[in-house]
Each structure stands twice: as C-alpha cells, then as structure tokens.
file input.cif (mmCIF, C-alpha atoms and all ligand atoms)
data_run
loop_
_atom_site.label_atom_id
_atom_site.label_comp_id
_atom_site.auth_asym_id
_atom_site.auth_seq_id
_atom_site.Cartn_x
_atom_site.Cartn_y
_atom_site.Cartn_z
CA MET X 1 -17.56 4.65 9.82
CA LYS X 2 -16.45 5.30 13.40
CA HIS X 3 -13.43 7.20 14.60
CA LEU X 4 -11.12 4.53 16.03
CA PHE X 5 -10.54 6.39 19.30
CA ASP X 6 -14.31 6.67 19.94
CA VAL X 7 -14.61 2.87 20.05
CA TRP X 8 -11.21 2.20 21.57
CA GLY X 9 -12.63 0.13 24.47
CA LYS X 10 -14.18 -2.32 22.05
CA VAL X 11 -11.04 -2.53 19.90
CA VAL X 12 -8.86 -3.14 22.97
CA HIS X 13 -11.12 -6.04 23.86
CA SER X 14 -10.49 -7.71 20.45
CA LEU X 15 -6.76 -6.99 20.71
CA LYS X 16 -6.60 -8.62 24.14
CA SER X 17 -8.53 -11.72 23.13
CA ALA X 18 -6.44 -12.42 20.02
CA ASP X 19 -3.62 -15.01 20.13
CA HIS X 20 -1.53 -12.82 17.87
CA ILE X 21 -1.86 -9.53 16.03
CA LEU X 22 -0.80 -9.06 12.42
CA PHE X 23 -0.31 -5.31 12.15
CA LEU X 24 -0.26 -4.32 8.47
CA SER X 25 -0.12 -0.83 7.05
CA ASP X 26 0.22 1.09 3.82
CA TYR X 27 3.12 3.60 3.73
CA ASP X 28 2.48 6.85 1.80
CA GLY X 29 -0.40 8.93 3.13
CA THR X 30 -0.91 6.49 5.99
CA LEU X 31 2.34 6.39 7.99
CA THR X 32 3.68 9.55 6.32
CA PRO X 33 1.89 12.66 5.03
CA ILE X 34 1.47 12.96 1.24
CA VAL X 35 4.21 15.15 -0.20
CA ASP X 36 4.92 16.57 -3.65
CA GLU X 37 7.89 14.34 -4.35
CA PRO X 38 7.64 10.66 -3.36
CA GLU X 39 11.34 10.50 -2.44
CA SER X 40 10.83 13.01 0.36
CA ALA X 41 8.04 11.03 2.09
CA ASN X 42 9.87 10.05 5.24
CA LEU X 43 8.67 8.37 8.42
CA PHE X 44 8.37 10.51 11.54
CA ARG X 45 11.19 9.47 13.86
CA GLU X 46 8.63 8.59 16.51
CA THR X 47 6.61 6.40 14.13
CA ARG X 48 9.70 4.40 13.23
CA LYS X 49 10.56 3.97 16.90
CA LEU X 50 7.05 2.77 17.72
CA LEU X 51 6.98 0.35 14.77
CA ARG X 52 10.31 -1.05 15.92
CA ARG X 53 8.93 -1.60 19.43
CA LEU X 54 5.81 -3.23 18.08
CA ALA X 55 7.86 -5.55 15.85
CA LYS X 56 9.87 -6.65 18.89
CA ASN X 57 6.74 -7.46 20.88
CA ARG X 58 6.06 -11.23 20.76
CA ARG X 59 2.32 -10.66 20.34
CA TYR X 60 2.77 -8.65 17.15
CA THR X 61 3.98 -9.20 13.60
CA VAL X 62 4.43 -5.99 11.62
CA GLY X 63 4.23 -5.55 7.84
CA ILE X 64 4.22 -2.64 5.41
CA ILE X 65 2.38 -3.01 2.08
CA SER X 66 2.99 -0.32 -0.50
CA GLY X 67 2.79 0.59 -4.16
CA ARG X 68 6.50 1.41 -3.96
CA ALA X 69 9.11 -1.00 -5.31
CA LEU X 70 10.41 -3.37 -2.63
CA PRO X 71 13.99 -1.98 -2.34
CA ASP X 72 12.65 1.59 -2.18
CA LEU X 73 10.12 0.67 0.53
CA LYS X 74 12.75 -1.15 2.59
CA SER X 75 15.14 1.76 2.50
CA LYS X 76 12.37 4.24 3.39
CA VAL X 77 11.14 2.25 6.40
CA GLY X 78 14.57 0.96 7.45
CA LEU X 79 13.48 -1.63 9.99
CA GLU X 80 14.60 -5.23 10.41
CA GLY X 81 12.38 -8.14 11.31
CA ILE X 82 9.22 -6.93 9.59
CA ILE X 83 7.34 -7.96 6.46
CA TYR X 84 7.73 -5.84 3.34
CA ALA X 85 5.32 -6.05 0.41
CA GLY X 86 6.22 -3.87 -2.57
CA ASN X 87 4.44 -3.06 -5.84
CA HIS X 88 1.03 -3.63 -4.21
CA GLY X 89 2.13 -7.07 -3.02
CA LEU X 90 3.57 -8.38 -6.30
CA GLU X 91 6.82 -8.83 -4.35
CA ILE X 92 6.84 -9.84 -0.67
CA GLU X 93 9.62 -10.55 1.82
CA GLY X 94 9.14 -11.68 5.39
CA LEU X 95 7.88 -14.48 7.66
CA GLY X 96 10.93 -16.41 6.51
CA SER X 97 9.81 -16.57 2.90
CA SER X 98 9.48 -14.49 -0.19
CA PHE X 99 7.01 -14.18 -3.03
CA LEU X 100 7.37 -12.85 -6.55
CA GLU X 101 4.31 -12.88 -8.79
CA PRO X 102 5.52 -14.90 -11.84
CA ILE X 103 3.57 -13.10 -14.58
CA ALA X 104 4.74 -9.75 -13.23
CA GLU X 105 8.32 -10.97 -13.45
CA GLU X 106 7.78 -12.06 -17.06
CA MET X 107 6.29 -8.68 -17.94
CA ARG X 108 9.34 -6.72 -16.79
CA PRO X 109 10.88 -6.17 -20.27
CA PHE X 110 7.53 -5.08 -21.72
CA LEU X 111 7.12 -2.49 -18.94
CA GLN X 112 10.65 -1.23 -19.60
CA MET X 113 9.66 -0.56 -23.18
CA LEU X 114 6.43 1.11 -22.11
CA ASN X 115 8.41 3.26 -19.69
CA ARG X 116 10.47 4.61 -22.60
CA VAL X 117 7.34 5.33 -24.65
CA LEU X 118 5.73 7.20 -21.74
CA LEU X 119 8.88 9.20 -21.05
CA ALA X 120 9.12 10.28 -24.67
CA THR X 121 5.43 11.19 -24.91
CA LEU X 122 5.00 13.02 -21.61
CA ARG X 123 8.34 14.84 -21.77
CA GLY X 124 6.67 18.03 -23.03
CA ILE X 125 4.39 18.43 -20.01
CA LYS X 126 5.93 20.27 -17.07
CA GLY X 127 5.81 18.53 -13.70
CA VAL X 128 4.91 15.04 -14.87
CA PHE X 129 7.15 12.29 -13.57
CA VAL X 130 7.31 8.65 -14.71
CA GLU X 131 8.58 6.30 -12.03
CA ASP X 132 9.99 2.91 -13.02
CA LYS X 133 9.24 0.49 -10.20
CA GLY X 134 10.42 -2.64 -12.00
CA LEU X 135 7.20 -4.66 -11.84
CA THR X 136 4.95 -1.61 -12.28
CA LEU X 137 5.15 1.98 -13.55
CA SER X 138 3.73 5.11 -11.95
CA VAL X 139 2.91 8.36 -13.69
CA HIS X 140 2.84 11.12 -11.06
CA TYR X 141 1.14 14.41 -11.91
CA ARG X 142 0.84 16.13 -8.52
CA MET X 143 3.27 18.80 -9.70
CA VAL X 144 1.45 19.42 -12.99
CA ASP X 145 -0.46 22.68 -13.37
CA GLY X 146 -4.23 22.05 -12.97
CA THR X 147 -5.03 23.22 -16.50
CA GLU X 148 -2.44 20.83 -17.93
CA GLU X 149 -3.80 17.72 -16.22
CA ILE X 150 -6.10 17.05 -19.15
CA ARG X 151 -3.03 16.81 -21.43
CA VAL X 152 -1.49 14.19 -19.15
CA ASP X 153 -4.76 12.31 -19.13
CA ASP X 154 -5.10 12.40 -22.94
CA ALA X 155 -1.52 11.37 -23.64
CA PHE X 156 -1.58 8.65 -21.00
CA LYS X 157 -4.83 7.13 -22.23
CA LYS X 158 -3.78 7.25 -25.87
CA ILE X 159 -0.87 4.96 -25.01
CA THR X 160 -2.43 2.76 -22.37
CA ASP X 161 -6.07 2.31 -23.48
CA PRO X 162 -5.25 -0.08 -26.37
CA LEU X 163 -3.01 -2.08 -24.03
CA SER X 164 -5.53 -2.32 -21.22
CA VAL X 165 -8.51 -3.24 -23.41
CA THR X 166 -6.47 -6.07 -24.92
CA GLY X 167 -5.47 -7.24 -21.46
CA ARG X 168 -1.72 -6.58 -21.72
CA ILE X 169 -1.67 -4.24 -18.74
CA ARG X 170 -3.91 -3.13 -15.88
CA VAL X 171 -4.28 0.56 -15.10
CA THR X 172 -5.28 1.85 -11.67
CA GLN X 173 -5.47 5.35 -10.21
CA GLY X 174 -4.37 6.79 -6.90
CA LYS X 175 -3.89 10.28 -5.54
CA LYS X 176 -2.57 12.22 -8.58
CA VAL X 177 -0.95 9.10 -9.92
CA TYR X 178 -1.71 6.53 -12.64
CA GLU X 179 -0.32 3.10 -12.14
CA ILE X 180 0.45 0.54 -14.80
CA ARG X 181 0.47 -3.00 -13.55
CA PRO X 182 0.85 -6.43 -15.12
CA PRO X 183 -2.45 -8.09 -16.05
CA VAL X 184 -2.69 -10.30 -12.98
CA ALA X 185 -5.51 -10.52 -10.48
CA TRP X 186 -3.24 -9.57 -7.62
CA ASP X 187 -3.63 -6.57 -5.34
CA LYS X 188 -3.09 -5.48 -1.74
CA GLY X 189 -6.10 -7.58 -0.69
CA LYS X 190 -4.65 -10.75 -2.24
CA ALA X 191 -1.29 -9.97 -0.65
CA ILE X 192 -2.92 -9.57 2.78
CA ALA X 193 -4.85 -12.83 2.37
CA TRP X 194 -1.55 -14.54 1.40
CA LEU X 195 0.15 -13.10 4.50
CA ILE X 196 -2.65 -14.16 6.86
CA ALA X 197 -2.57 -17.72 5.47
CA LYS X 198 1.24 -17.82 5.58
CA PHE X 199 1.24 -16.57 9.15
CA ARG X 200 -1.29 -19.20 10.28
CA GLU X 201 0.70 -21.93 8.55
CA SER X 202 4.11 -20.91 9.94
CA SER X 203 3.02 -20.09 13.50
CA GLY X 204 0.31 -22.71 13.95
CA LYS X 205 -1.75 -19.97 15.55
CA GLY X 206 -5.36 -19.80 14.43
CA GLY X 207 -6.56 -16.83 16.42
CA VAL X 208 -4.72 -14.13 14.53
CA LEU X 209 -6.25 -10.66 14.44
CA PRO X 210 -5.24 -8.75 11.31
CA ILE X 211 -5.16 -4.94 11.25
CA TYR X 212 -4.79 -2.89 8.09
CA LEU X 213 -4.42 0.86 7.66
CA GLY X 214 -4.57 2.65 4.31
CA ASP X 215 -5.55 5.96 2.76
CA ASP X 216 -6.20 5.36 -0.93
CA LEU X 217 -8.34 3.50 -3.46
CA THR X 218 -5.91 0.59 -3.79
CA ASP X 219 -6.26 -0.03 -0.04
CA GLU X 220 -9.95 -0.91 -0.37
CA ASP X 221 -9.07 -4.46 -1.54
CA GLY X 222 -7.11 -4.76 1.69
CA PHE X 223 -9.98 -3.54 3.86
CA GLU X 224 -12.29 -6.10 2.30
CA VAL X 225 -9.98 -9.01 3.18
CA ILE X 226 -9.53 -7.64 6.71
CA GLU X 227 -13.31 -7.45 7.19
CA ASN X 228 -13.70 -11.04 5.91
CA ASN X 229 -11.15 -12.13 8.51
CA ASN X 230 -12.83 -10.29 11.41
CA GLY X 231 -9.94 -7.86 11.61
CA VAL X 232 -9.64 -4.14 12.20
CA SER X 233 -9.77 -2.05 9.00
CA ILE X 234 -8.78 1.61 9.33
CA PHE X 235 -9.10 4.30 6.69
CA VAL X 236 -6.66 7.19 7.14
CA GLY X 237 -8.12 10.58 6.19
CA GLU X 238 -11.33 12.49 6.81
CA GLU X 239 -14.34 10.25 7.37
CA ASN X 240 -15.13 8.67 4.00
CA SER X 241 -18.44 6.96 3.31
CA GLN X 242 -17.02 5.52 0.05
CA SER X 243 -14.53 3.39 1.95
CA ILE X 244 -15.43 -0.07 3.21
CA ALA X 245 -13.09 0.30 6.20
CA ARG X 246 -14.91 0.08 9.53
CA TYR X 247 -12.90 2.77 11.31
CA PHE X 248 -10.99 5.90 10.45
CA LEU X 249 -8.09 7.97 11.78
CA LYS X 250 -7.76 11.52 10.49
CA SER X 251 -4.06 11.68 9.66
CA PRO X 252 -0.65 10.00 9.86
CA GLU X 253 -0.24 11.93 13.15
CA GLU X 254 -3.26 10.10 14.54
CA VAL X 255 -1.77 6.83 13.28
CA THR X 256 1.31 7.60 15.41
CA GLU X 257 -1.03 8.11 18.41
CA PHE X 258 -2.63 4.76 17.64
CA LEU X 259 0.79 3.09 17.60
CA LYS X 260 1.48 4.60 21.02
CA MET X 261 -1.79 3.23 22.34
CA LEU X 262 -0.90 -0.25 21.01
MG MG N 301 -1.17 5.39 0.52
#
call {"tool": "encode", "arguments": {"input": "input.cif", "output": "structure tokens"}}
result
Amino acid sequence: MKHLFDVWGKVVHSLKSADHILFLSDYDGTLTPIVDEPESANLFRETRKLLRRLAKNRRYTVGIISGRALPDLKSKVGLEGIIYAGNHGLEIEGLGSSFLEPIAEEMRPFLQMLNRVLLATLRGIKGVFVEDKGLTLSVHYRMVDGTEEIRVDDAFKKITDPLSVTGRIRVTQGKKVYEIRPPVAWDKGKAIAWLIAKFRESSGKGGVLPIYLGDDLTDEDGFEVIENNNGVSIFVGEENSQSIARYFLKSPEEVTEFLKML
C-alpha cells in the first residue's frame, strides 16, 4: 500500500489520460472524522466547497456512497448535481435515474419489527443506540462502556443469530456498529459496479476512470470493483495491510488536500 501523495505523478498521469473521472467516496470516517454521535458528523466547509467545484467540472462526476439512509446522507452532504447512494447502495439517486433494491423494499416491515425487538432488549445497556435507516438497522455502541460491550454483543447475537443462519437477514460489522441488512447480495461494490455501467451507458464514454475512497470494512467490496476496473482505490486511515486498496491517505484532512490537488 502506497501513500497517495508519494505516487502522485503516476496518479496524475492516469487522471489526465482518462476521458472522464467518476469520483466516488464513502462519507463517515472518510470525508468527515469519526465522532461519537453520527448526527454530528459534518463535512468541513472546505471539503463541501471542493466537492461542489469538482461536481461542476465537466471532466468529473461525483458520488457519495454511505451506510446512512438516503435522506440523511443528502441532508448531511447538501450538494446538488451529485450521485447519492444510501444504505450501502440499496438506494441510489443520480445520473438521471434511481435504484431501489426490491427485496430490501419488501423487507421494510420485518426490519421495523426487528427494530422494536432490539430497542426493547438493549434498552438496559447505557450508551447503546439503535438507528432505524428504513432499509437497514444499525446498532451503535461507541458510547458503551468497554466492560459492557460484551453485553451488547450477547444480546445482539441472541436476537440476530437465528435470523442470519436462516437467511432472513445479513449482519455486518463496522467501527463500533453492527448493521442488519436484508438478505440480498448487494453491497458498496455492487453499487459501484452499477454506477460505472450506468455512467458508461448514459454518457457513451468508455474511458472512465473510477476513484473510490473509504475507511471501513464495508468499503473493501468497493475497492475490489475499483481495482477490477483499473481505477484508483484509496483507503483512509493509517496504512493497513488488510485492505485491498492500492493507496492510502491518513485522514479526512488529507482527503481534503487530495480534493484540492484534483
Ligand atoms: Mg466510513
């Protein structure tokens, strides 16, 4: 894994030779620092300004792909004329079209019920927070005392294990968060592949260079698709040999620097 700025000359060469650049990024932990409460993860003013400029540039198409629900993501980013993919790509808006994963839509009432069960069960543990994102649920435990984490884990697994082994839900993990998703083979990687294909189809441009930045486990599916499409995959965080991204940037602050360089 190379630091992106150490190989900048090479990257600039690929950027210059591409017909078009599809700039895609995760939100939390990538464009903004990780914070205790998800609602206070806001974009730096400068990052928003730079994303806006990039989106207006004819050579670029900008998209944000997040585990957040689509309306939440849109209000956090607050930019027009870009692609938004919420709930890890289960819902996408942009490029003049929209996508809603049909099984996820069907599962909505079941997740509502599961949300109530989780709320009732985890209520006794201080600091745990269940977030209803419509098509998925998140159980955040960043604010839970370290010694209590095992209780969250036990209670969570007691409810979700029988459902995941029987294929009714999919459970994934992120930074101090469990995520409950519908049982569909859809993830950030599939969403990125869908966007690349959609872009090629709508623009008629073949030589598109995709970029993807992300900081967490769920971003690895995205990096894989980017690598298969000869794009630029960037892990955000300290150098991480577990990640399949080709490059890394140390922090959201460095991502802002990268945007300036673009
Ligand atoms: Mg993230």
call {"tool": "residues_near_point", "arguments": {"input": "input.cif", "point": "(-5.1, 10.3, 11.4)", "cutoff": "10 Å", "atoms": "all atoms listed in the file", "output": "VMD selection string"}}
result
chain X and resid 3 to 4 29 to 31 33 215 234 to 238 248 to 258
call {"tool": "closest_residue", "arguments": {"input": "input.cif", "among": "X:Phe110, X:Trp8, X:Trp194, X:Phe23", "to": "Glu93 (chain X)", "atoms": "all atoms listed in the file"}}
result
X:Trp194
call {"tool": "residues_near_ligand", "arguments": {"input": "input.cif", "ligand": "ligand MG 301 (chain N)", "cutoff": "9 Å", "atoms": "all atoms listed in the file", "output": "list in words"}}
result
Asp26, Tyr27, Asp28, Gly29, Thr30, Leu31, Thr32, Ile34, Ser66, Gly67, Gly174, Lys175, Gly214, Asp215, Asp216, Leu217, Thr218, Asp219 and Val236 of chain X
call {"tool": "closest_residue", "arguments": {"input": "input.cif", "among": "X:Lys198, X:Arg181, X:Lys133, X:Lys188", "to": "Pro71 (chain X)", "atoms": "all atoms listed in the file"}}
result
X:Lys133
call {"tool": "atom_distance", "arguments": {"input": "input.cif", "atom1": "CA of Lys126 (chain X)", "atom2": "CA of Val144 (chain X)"}}
result
6.1 Å
call {"tool": "atom_distance", "arguments": {"input": "input.cif", "atom1": "CA of Arg170 (chain X)", "atom2": "CA of Met107 (chain X)"}}
result
11.8 Å
call {"tool": "residues_near_point", "arguments": {"input": "input.cif", "point": "(-6.2, -11.4, 2.2)", "cutoff": "6 Å", "atoms": "only C-alpha atoms", "output": "tab-separated table (two decimals) with C-alpha atoms, keeping the file's coordinate frame"}}
result
chain	number	residue	atom	x	y	z
X	189	GLY	CA	-6.10	-7.58	-0.69
X	190	LYS	CA	-4.65	-10.75	-2.24
X	191	ALA	CA	-1.29	-9.97	-0.65
X	192	ILE	CA	-2.92	-9.57	2.78
X	193	ALA	CA	-4.85	-12.83	2.37
X	194	TRP	CA	-1.55	-14.54	1.40
X	225	VAL	CA	-9.98	-9.01	3.18
call {"tool": "residues_around", "arguments": {"input": "input.cif", "residues": "Ile196 (chain X)", "least_positions_apart": "3", "cutoff": "8 Å", "atoms": "only C-alpha atoms", "output": "VMD selection string"}}
result
chain X and resid 22 192 to 193 199 to 200 208 210
call {"tool": "axis_aligned_box", "arguments": {"input": "input.cif", "around": "region 224-228 of chain X", "padding_each_side": "4 Å", "output": "AutoDock Vina command-line options"}}
result
--center_x -11.6 --center_y -8.6 --center_z 4.7 --size_x 12.2 --size_y 12.9 --size_z 12.9
call {"tool": "residues_around", "arguments": {"input": "input.cif", "residues": "Glu131 (chain X)", "least_positions_apart": "3", "cutoff": "9 Å", "atoms": "all atoms listed in the file", "output": "VMD selection string"}}
result
chain X and resid 115 136 to 140
call {"tool": "residues_around", "arguments": {"input": "input.cif", "residues": "Leu73 (chain X)", "least_positions_apart": "5", "cutoff": "9 Å", "atoms": "only C-alpha atoms", "output": "compact mmCIF listing (two decimals) with C-alpha atoms, keeping the file's coordinate frame"}}
result
# COMPACT_ATOMS: atom_id res chain seq x y z
CA TYR X 27 3.12 3.60 3.73
CA ILE X 64 4.22 -2.64 5.41
CA ILE X 65 2.38 -3.01 2.08
CA SER X 66 2.99 -0.32 -0.50
CA GLY X 67 2.79 0.59 -4.16
CA ARG X 68 6.50 1.41 -3.96
CA GLY X 78 14.57 0.96 7.45
CA TYR X 84 7.73 -5.84 3.34
CA ALA X 85 5.32 -6.05 0.41
CA GLY X 86 6.22 -3.87 -2.57
call {"tool": "atom_distance", "arguments": {"input": "input.cif", "atom1": "CA of Gly63 (chain X)", "atom2": "CA of Leu24 (chain X)"}}
result
4.7 Å
call {"tool": "closest_residue", "arguments": {"input": "input.cif", "among": "X:Ala185, X:Val77, X:Val35, X:Val12", "to": "Met143 (chain X)", "atoms": "all atoms listed in the file"}}
result
X:Val35
call {"tool": "closest_atom_pairs", "arguments": {"input": "input.cif", "of": "region 30-123 of chain X", "to": "region 148-156 of chain X", "cutoff": "12 Å", "atoms": "all atoms listed in the file", "output": "Markdown table"}}
result
| residue | atom | partner | partner_atom | distance |
| --- | --- | --- | --- | --- |
| X:Leu114 | CA | X:Phe156 | CA | 11.1 |
| X:Asn115 | CA | X:Phe156 | CA | 11.4 |
| X:Val117 | CA | X:Phe156 | CA | 10.2 |
| X:Leu118 | CA | X:Phe156 | CA | 7.5 |
| X:Leu119 | CA | X:Phe156 | CA | 10.5 |
| X:Ala120 | CA | X:Ala155 | CA | 10.7 |
| X:Thr121 | CA | X:Ala155 | CA | 7.1 |
| X:Leu122 | CA | X:Ala155 | CA | 7.0 |
| X:Arg123 | CA | X:Val152 | CA | 10.2 |
call {"tool": "closest_residue", "arguments": {"input": "input.cif", "among": "X:Ile159, X:Met1, X:Ser98, X:Thr147", "to": "Ala245 (chain X)", "atoms": "only C-alpha atoms"}}
result
X:Met1
call {"tool": "closest_residue", "arguments": {"input": "input.cif", "among": "X:Ile103, X:Val165, X:Ala18, X:Val184", "to": "Arg59 (chain X)", "atoms": "all atoms listed in the file"}}
result
X:Ala18
call {"tool": "closest_residue", "arguments": {"input": "input.cif", "among": "X:Leu100, X:Leu135, X:Ile82, X:Val7", "to": "Thr61 (chain X)", "atoms": "all atoms listed in the file"}}
result
X:Ile82
